[in-house]
Amino acid sequence: MIESKPKESTTEEVVAELRRRESFVFVSHVKPDGDTLGAGLALGLALRAMGKRVNYFQQDPVPRNLRFLPDADRVARELPADLPADALWVFCDMSDTSRAGEFLPALERRNILDIDHHLANSRFGAFNYVLETECSTGTCVLHLLRAMNAPITPEIATCLLTTIMTDTGGFMHSNTTGEVLQTSAELIALGANKEEITEKIFANKRFAAIRLLGAALDTARLEEDGKFCWTVVDEAMLAKFGADGEDTEEIIQHLRSVEGVDVAAVFKDYDGDVRVSLRGNGRVNVQTAAGRLGGGGHHRASGLTFVGPVPAAIEAVRAAIRAEGL
Ligand code: 5GP
Ligand code: MN
């Protein structure tokens with residue numbers, strides 16, 4: 001099989017390819033968030049309105065707090081048997097195909113479009129639309145929709161505003177530029193339901209999650225002269241409160257908000273390997289720190305999977321952030 005070389009695609013090239021293809025599969029990453037899902041749903045809705053066939057592949061179930069998104073009930077791990085061989089597989093918000101999980105079928109590069117805003121995206125598609133300065137993958141999609149003159153319905157606007165609000169932490173992170181706020185205002189004018197996004201994503205915690213948060217904060221440690229704050233969530237803690245992985249998401253932002261902390265980490269020890277979430281305040285680059293251990297992400301938010309026991313994971317992360325200047 002002759003594989004085309006990875007390259008950066010222009011907006012026009014991607015639009016031409018979206019128009020040329022008749023069938024699409026949108027792929028979101030494992031542990032899906034509002035960006036990977038919202039970006040794919042938005043573009044999928046627009047393509048469906050153009051009469052195209054659209055499917056969604058996602059290894060993990062849609063998280064509880066994202067089930068309100070339009071078309072979220074069409075997202076599944078199973079794909080139809082009659083999927084055309086020339087369907088374009090559109091990966092949203094991931095630096096590598098491995099982030100889609102182990103159930104992803106083997107694909108030819110010519111059928112891959114990679115839409116992303118991560119630093120260090122590996123350009124794994126025949127078409128790579130990687131805009132590193134965008135706040136979300138959803139705003140990359142918005143550039144495509146505008147170039148296509150696709151009507152932005154209230155449903156599409158809600159999906160796109162979700163990507164922005166997710167990846168800016170509700171307009172709190174440093175990627176919240178004036179342009180991002182302007183774009184958000186435009187999406188609200190187009191009918192994006194900001195109230196619903198706020199309510200469903202940010203104010204819809206299970207009681208189990210709040211109790212788990214309390215336990216995780218109670219056992220948090222502050223080290224490295226107060227610059228490194230971390231905690232562990234294990235199987236026993238989840239069981240104690242009847243919580244699951246989705247209920248762990250909020251913990252890290254509290255550790256990051258401690259005065260003087262440059263890096264926060266949560267070590268999640270319940271699915272076999274140890275999943276590590278890292279957040280920084282910008283002084284230490286947690287993307288390159290995670291990269292030293294096989295992970296990745298953004299300058300201030302990254303993650304990785306550590307194979308080994310938790311104490312070893314803590315030491316490895318400590319060494320990585322020290323090497324990045326903690
Ligand atoms: P989280 O802490 O929410 O799991 O991940 C934060 C960010 O880090 C994600 O948005 C994603 O960009 C990135 N990330 C998390 N885990 C991994 C990983 O295993 N590999 C890579 N390349 N990036 C990751
Ligand atoms: Mn993103």
# chains A, B, ... in the order shown; residues from 1 in each chain; ligands from 1
$ residues_near_ligand --ligand "ligand 1" --cutoff "8 Å" --atoms "only C-alpha atoms and all ligand atoms" --output "JSON, numbers by chain"
{"A": [31, 33, 93, 94, 95, 96, 99, 118, 167, 249, 275, 276, 277, 278, 279, 287, 290, 291, 294, 295, 296, 297, 298, 301, 302, 303, 304, 305]}
$ write_last_selection --atoms "N, CA, C and O atoms" --output "compact mmCIF listing (two decimals), in the first residue's frame"
# COMPACT_ATOMS: atom_id res chain seq x y z
N LYS A 31 -11.55 8.49 27.42
CA LYS A 31 -11.93 9.47 28.45
C LYS A 31 -12.35 10.77 27.76
O LYS A 31 -11.76 11.83 27.97
N ASP A 33 -13.73 14.26 26.43
CA ASP A 33 -14.11 15.51 27.09
C ASP A 33 -14.98 16.31 26.13
O ASP A 33 -15.28 15.88 25.01
N ASP A 93 -9.07 16.34 18.31
CA ASP A 93 -8.49 16.62 19.62
C ASP A 93 -7.56 15.53 20.12
O ASP A 93 -7.56 15.20 21.29
N MET A 94 -6.74 14.96 19.24
CA MET A 94 -5.75 14.01 19.77
C MET A 94 -4.46 14.08 18.97
O MET A 94 -4.47 14.27 17.76
N SER A 95 -3.34 13.92 19.69
CA SER A 95 -2.05 14.07 19.05
C SER A 95 -1.60 12.80 18.34
O SER A 95 -0.67 12.82 17.55
N ASP A 96 -2.29 11.69 18.60
CA ASP A 96 -1.90 10.41 18.01
C ASP A 96 -3.10 9.48 17.94
O ASP A 96 -3.99 9.59 18.78
N ARG A 99 -4.51 7.52 21.05
CA ARG A 99 -5.43 8.16 22.01
C ARG A 99 -6.88 7.76 21.76
O ARG A 99 -7.75 8.04 22.58
N HIS A 118 -3.38 20.52 19.74
CA HIS A 118 -2.32 20.16 20.68
C HIS A 118 -0.94 20.53 20.13
O HIS A 118 -0.69 20.43 18.94
N ASP A 167 -12.35 23.60 27.28
CA ASP A 167 -10.89 23.74 27.21
C ASP A 167 -10.36 25.03 27.80
O ASP A 167 -9.15 25.17 28.01
N GLU A 249 -12.69 14.15 38.01
CA GLU A 249 -12.23 15.22 37.12
C GLU A 249 -11.90 16.53 37.82
O GLU A 249 -10.95 17.20 37.46
N ARG A 275 -3.11 6.30 35.82
CA ARG A 275 -3.34 7.46 34.96
C ARG A 275 -2.94 8.70 35.74
O ARG A 275 -3.33 8.88 36.89
N VAL A 276 -2.14 9.56 35.14
CA VAL A 276 -1.68 10.75 35.83
C VAL A 276 -2.20 11.99 35.11
O VAL A 276 -2.06 12.10 33.89
N SER A 277 -2.84 12.88 35.86
CA SER A 277 -3.23 14.18 35.33
C SER A 277 -2.28 15.23 35.89
O SER A 277 -1.99 15.22 37.09
N LEU A 278 -1.82 16.13 35.04
CA LEU A 278 -0.92 17.21 35.48
C LEU A 278 -1.51 18.56 35.08
O LEU A 278 -2.05 18.70 33.99
N ARG A 279 -1.37 19.54 35.98
CA ARG A 279 -1.76 20.92 35.66
C ARG A 279 -0.66 21.84 36.16
O ARG A 279 -0.11 21.62 37.24
N GLN A 287 3.43 19.88 29.64
CA GLN A 287 3.34 19.09 28.41
C GLN A 287 4.67 18.36 28.15
O GLN A 287 4.68 17.14 27.91
N ALA A 290 5.16 15.67 30.85
CA ALA A 290 4.41 14.44 30.54
C ALA A 290 5.07 13.70 29.38
O ALA A 290 5.13 12.46 29.36
N GLY A 291 5.60 14.48 28.42
CA GLY A 291 6.26 13.89 27.25
C GLY A 291 7.45 13.03 27.64
O GLY A 291 7.73 12.01 26.98
N GLY A 294 6.08 9.61 28.19
CA GLY A 294 5.23 9.00 27.16
C GLY A 294 3.86 9.61 27.01
O GLY A 294 3.05 9.13 26.23
N GLY A 295 3.57 10.70 27.74
CA GLY A 295 2.27 11.36 27.64
C GLY A 295 2.39 12.64 26.84
O GLY A 295 3.33 12.84 26.08
N GLY A 296 1.43 13.53 27.03
CA GLY A 296 1.45 14.79 26.29
C GLY A 296 0.30 15.67 26.70
O GLY A 296 -0.33 15.44 27.74
N GLY A 297 0.02 16.67 25.87
CA GLY A 297 -1.09 17.57 26.17
C GLY A 297 -0.74 18.99 25.83
O GLY A 297 -0.24 19.27 24.74
N HIS A 298 -0.95 19.88 26.78
CA HIS A 298 -0.72 21.30 26.59
C HIS A 298 0.26 21.82 27.64
O HIS A 298 0.57 21.12 28.60
N ALA A 301 -1.73 21.84 30.88
CA ALA A 301 -2.61 20.69 31.20
C ALA A 301 -2.14 19.50 30.40
O ALA A 301 -2.10 19.55 29.17
N SER A 302 -1.76 18.44 31.09
CA SER A 302 -1.28 17.27 30.36
C SER A 302 -1.62 16.01 31.13
O SER A 302 -2.15 16.05 32.25
N GLY A 303 -1.30 14.88 30.52
CA GLY A 303 -1.58 13.61 31.18
C GLY A 303 -0.70 12.51 30.62
O GLY A 303 -0.05 12.68 29.59
N LEU A 304 -0.68 11.40 31.31
CA LEU A 304 0.11 10.26 30.88
C LEU A 304 -0.39 9.01 31.58
O LEU A 304 -1.13 9.07 32.56
N THR A 305 0.03 7.87 31.03
CA THR A 305 -0.25 6.59 31.67
C THR A 305 1.07 6.01 32.14
O THR A 305 2.03 5.94 31.36
$ residues_near_ligand --ligand "ligand 2" --cutoff "7 Å" --atoms "only C-alpha atoms and all ligand atoms" --output "VMD selection string"
chain A and resid 35 to 36 93 117 136 to 137 167
$ select_by_dssp --residues "region 211-310 of chain A" --states "alpha helix (DSSP H)" --output "PyMOL selection string"
chain A and resi 211-218+235-241+251-256+286-291+310
$ write_last_selection --atoms "C-alpha atoms" --output "mmCIF file, in the first residue's frame"
data_model
loop_
_atom_site.group_PDB
_atom_site.id
_atom_site.type_symbol
_atom_site.label_atom_id
_atom_site.label_comp_id
_atom_site.auth_asym_id
_atom_site.auth_seq_id
_atom_site.Cartn_x
_atom_site.Cartn_y
_atom_site.Cartn_z
ATOM 1 C CA ARG A 211 -17.444 13.294 48.909
ATOM 2 C CA LEU A 212 -14.578 11.791 46.874
ATOM 3 C CA LEU A 213 -13.224 15.311 46.342
ATOM 4 C CA GLY A 214 -13.219 15.812 50.108
ATOM 5 C CA ALA A 215 -11.260 12.611 50.689
ATOM 6 C CA ALA A 216 -8.770 13.336 47.911
ATOM 7 C CA LEU A 217 -8.126 16.852 49.247
ATOM 8 C CA ASP A 218 -7.812 15.554 52.808
ATOM 9 C CA GLU A 235 -10.023 1.730 43.920
ATOM 10 C CA ALA A 236 -10.861 1.707 47.649
ATOM 11 C CA MET A 237 -11.688 5.437 47.660
ATOM 12 C CA LEU A 238 -13.994 5.062 44.652
ATOM 13 C CA ALA A 239 -15.702 2.084 46.297
ATOM 14 C CA LYS A 240 -16.135 3.902 49.611
ATOM 15 C CA PHE A 241 -18.233 6.648 48.003
ATOM 16 C CA ILE A 251 -9.979 17.275 42.012
ATOM 17 C CA ILE A 252 -6.932 18.586 40.200
ATOM 18 C CA GLN A 253 -8.128 22.174 39.801
ATOM 19 C CA HIS A 254 -8.304 22.540 43.579
ATOM 20 C CA LEU A 255 -4.719 21.314 43.998
ATOM 21 C CA ARG A 256 -3.608 23.740 41.281
ATOM 22 C CA VAL A 286 3.701 20.117 32.059
ATOM 23 C CA GLN A 287 3.343 19.087 28.406
ATOM 24 C CA THR A 288 7.065 18.417 28.036
ATOM 25 C CA ALA A 289 7.138 16.937 31.539
ATOM 26 C CA ALA A 290 4.413 14.437 30.539
ATOM 27 C CA GLY A 291 6.255 13.886 27.246
ATOM 28 C CA VAL A 310 1.915 4.467 42.398
#
$ closest_residue --among "A:Cys159, A:Cys140, A:Pro84, A:Gly272" --to "Leu69 (chain A)" --atoms "only C-alpha atoms"
A:Cys159
$ residues_around --residues "Gly245 (chain A)" --least-positions-apart "2" --cutoff "10 Å" --atoms "only C-alpha atoms" --output "list in words"
Lys31, Pro63, Ala209, Val233, Asp234, Glu235, Leu238, Ala243, Asp247, Thr248, Glu249, Lys268, Asp269, Tyr270 and Asp271 of chain A
$ residues_around --residues "Leu104 (chain A)" --least-positions-apart "2" --cutoff "10 Å" --atoms "only C-alpha atoms" --output "tab-separated table (two decimals) with N, CA, C and O atoms, in the first residue's frame"
chain	number	residue	atom	x	y	z
A	27	VAL	N	-13.98	10.40	15.23
A	27	VAL	CA	-13.33	9.62	16.28
A	27	VAL	C	-12.98	10.55	17.43
A	27	VAL	O	-12.34	11.59	17.22
A	57	PHE	N	-17.33	7.15	16.21
A	57	PHE	CA	-16.66	6.06	16.92
A	57	PHE	C	-15.99	6.61	18.18
A	57	PHE	O	-15.20	7.55	18.12
A	58	GLN	N	-16.32	6.01	19.30
A	58	GLN	CA	-15.70	6.42	20.56
A	58	GLN	C	-15.63	5.18	21.44
A	58	GLN	O	-16.62	4.50	21.66
A	59	GLN	N	-14.42	4.88	21.91
A	59	GLN	CA	-14.26	3.65	22.70
A	59	GLN	C	-15.05	3.69	24.00
A	59	GLN	O	-15.71	2.73	24.37
A	77	ARG	N	-19.25	2.60	20.22
A	77	ARG	CA	-18.04	1.85	19.90
A	77	ARG	C	-18.25	0.99	18.65
A	77	ARG	O	-17.31	0.65	17.95
A	97	THR	N	-3.11	8.54	17.01
A	97	THR	CA	-4.26	7.63	16.90
A	97	THR	C	-4.37	6.72	18.13
A	97	THR	O	-5.46	6.24	18.43
A	98	SER	N	-3.26	6.53	18.84
A	98	SER	CA	-3.32	5.65	20.02
A	98	SER	C	-4.28	6.20	21.07
A	98	SER	O	-4.82	5.46	21.89
A	99	ARG	N	-4.51	7.52	21.05
A	99	ARG	CA	-5.43	8.16	22.01
A	99	ARG	C	-6.88	7.76	21.76
A	99	ARG	O	-7.75	8.04	22.58
A	100	ALA	N	-7.13	7.12	20.60
A	100	ALA	CA	-8.50	6.68	20.31
A	100	ALA	C	-8.81	5.34	20.96
A	100	ALA	O	-9.96	4.90	20.96
A	101	GLY	N	-7.78	4.68	21.50
A	101	GLY	CA	-8.00	3.42	22.20
A	101	GLY	C	-7.69	2.20	21.35
A	101	GLY	O	-7.32	2.31	20.19
A	102	GLU	N	-7.88	1.05	21.97
A	102	GLU	CA	-7.42	-0.19	21.33
A	102	GLU	C	-8.45	-0.81	20.39
A	102	GLU	O	-8.15	-1.76	19.68
A	106	ALA	N	-7.86	-0.94	11.93
A	106	ALA	CA	-6.69	-0.50	11.14
A	106	ALA	C	-7.20	0.41	10.03
A	106	ALA	O	-8.20	0.11	9.38
A	107	LEU	N	-6.51	1.53	9.83
A	107	LEU	CA	-6.95	2.51	8.83
A	107	LEU	C	-5.83	2.86	7.89
A	107	LEU	O	-4.66	2.81	8.26
$ closest_residue --among "A:Met50, A:Ile201, A:Ala147, A:Leu41" --to "Asn65 (chain A)" --atoms "only C-alpha atoms"
A:Ile201
$ select_by_dssp --residues "region 29-189 of chain A" --states "strand (DSSP E or B)" --output "PyMOL selection string"
chain A and resi 53-57+75-76+88-92+112-116+127-130
$ write_last_selection --atoms "C-alpha atoms" --output "PDB file, in the first residue's frame"
ATOM      1  CA  ARG A  53     -23.436  10.072   5.958  1.00  0.00           C
ATOM      2  CA  VAL A  54     -21.951  10.498   9.448  1.00  0.00           C
ATOM      3  CA  ASN A  55     -21.005   7.956  12.096  1.00  0.00           C
ATOM      4  CA  TYR A  56     -19.259   8.371  15.423  1.00  0.00           C
ATOM      5  CA  PHE A  57     -16.662   6.064  16.925  1.00  0.00           C
ATOM      6  CA  VAL A  75     -21.876   8.007  19.501  1.00  0.00           C
ATOM      7  CA  ALA A  76     -20.867   4.362  19.936  1.00  0.00           C
ATOM      8  CA  LEU A  88     -13.046   9.766   5.878  1.00  0.00           C
ATOM      9  CA  TRP A  89     -12.084   9.154   9.500  1.00  0.00           C
ATOM     10  CA  VAL A  90     -11.928  12.494  11.292  1.00  0.00           C
ATOM     11  CA  PHE A  91      -9.917  12.436  14.518  1.00  0.00           C
ATOM     12  CA  CYS A  92     -10.703  15.366  16.797  1.00  0.00           C
ATOM     13  CA  ILE A 112      -7.524  10.080   7.914  1.00  0.00           C
ATOM     14  CA  LEU A 113      -8.168  13.741   8.712  1.00  0.00           C
ATOM     15  CA  ASP A 114      -6.511  14.954  11.913  1.00  0.00           C
ATOM     16  CA  ILE A 115      -8.098  18.096  13.434  1.00  0.00           C
ATOM     17  CA  ASP A 116      -6.368  19.271  16.572  1.00  0.00           C
ATOM     18  CA  PHE A 127      -4.829  15.680   6.042  1.00  0.00           C
ATOM     19  CA  ASN A 128      -3.631  17.460   9.161  1.00  0.00           C
ATOM     20  CA  TYR A 129      -5.454  20.564  10.299  1.00  0.00           C
ATOM     21  CA  VAL A 130      -3.515  21.415  13.426  1.00  0.00           C
TER      22      VAL A 130
END
$ residues_around --residues "Val317 (chain A)" --least-positions-apart "2" --cutoff "8 Å" --atoms "only C-alpha atoms" --output "list in words"
Ala289, Ala290, Leu293, Ala313, Ile314, Glu315, Ala319, Ala320 and Ile321 of chain A
$ write_last_selection --atoms "all heavy atoms" --output "short mmCIF file (atom, residue, chain, number, x, y, z; two decimals), in the first residue's frame"
data_model
loop_
_atom_site.label_atom_id
_atom_site.label_comp_id
_atom_site.auth_asym_id
_atom_site.auth_seq_id
_atom_site.Cartn_x
_atom_site.Cartn_y
_atom_site.Cartn_z
N ALA A 289 6.93 17.84 30.39
CA ALA A 289 7.14 16.94 31.54
C ALA A 289 6.43 15.61 31.28
O ALA A 289 7.01 14.53 31.46
CB ALA A 289 6.63 17.57 32.84
N ALA A 290 5.16 15.67 30.85
CA ALA A 290 4.41 14.44 30.54
C ALA A 290 5.07 13.70 29.38
O ALA A 290 5.13 12.46 29.36
CB ALA A 290 2.96 14.76 30.21
N LEU A 293 7.54 11.06 29.92
CA LEU A 293 7.02 9.78 30.41
C LEU A 293 6.01 9.18 29.44
O LEU A 293 5.16 8.36 29.81
CB LEU A 293 6.39 9.98 31.80
CG LEU A 293 7.34 10.55 32.86
CD1 LEU A 293 6.58 10.95 34.12
CD2 LEU A 293 8.43 9.53 33.21
N ALA A 313 5.31 5.94 40.17
CA ALA A 313 4.73 6.99 39.32
C ALA A 313 4.99 8.37 39.93
O ALA A 313 5.36 9.31 39.22
CB ALA A 313 3.23 6.76 39.17
N ILE A 314 4.84 8.48 41.25
CA ILE A 314 5.07 9.76 41.92
C ILE A 314 6.52 10.20 41.75
O ILE A 314 6.82 11.35 41.43
CB ILE A 314 4.69 9.66 43.43
CG1 ILE A 314 3.19 9.39 43.56
CG2 ILE A 314 5.09 10.93 44.18
CD1 ILE A 314 2.75 8.94 44.95
N GLU A 315 7.44 9.25 41.94
CA GLU A 315 8.87 9.59 41.79
C GLU A 315 9.20 9.98 40.36
O GLU A 315 9.98 10.90 40.11
CB GLU A 315 9.76 8.42 42.27
CG GLU A 315 9.86 8.35 43.79
CD GLU A 315 9.84 9.72 44.47
OE1 GLU A 315 10.72 10.57 44.18
OE2 GLU A 315 8.93 9.98 45.28
N ALA A 319 10.59 13.62 39.20
CA ALA A 319 11.83 13.79 38.43
C ALA A 319 11.57 14.56 37.13
O ALA A 319 12.37 15.43 36.75
CB ALA A 319 12.44 12.42 38.12
N ALA A 320 10.45 14.26 36.49
CA ALA A 320 10.14 14.92 35.20
C ALA A 320 9.89 16.41 35.39
O ALA A 320 10.39 17.23 34.60
CB ALA A 320 8.94 14.25 34.54
N ILE A 321 9.16 16.79 36.44
CA ILE A 321 8.87 18.22 36.61
C ILE A 321 10.11 18.97 37.15
O ILE A 321 10.30 20.13 36.83
CB ILE A 321 7.61 18.48 37.49
CG1 ILE A 321 7.74 17.85 38.86
CG2 ILE A 321 6.35 17.98 36.79
CD1 ILE A 321 6.52 18.09 39.76
#
$ atom_distance --atom1 "CA of Thr163 (chain A)" --atom2 "CA of Val14 (chain A)"
20.2 Å
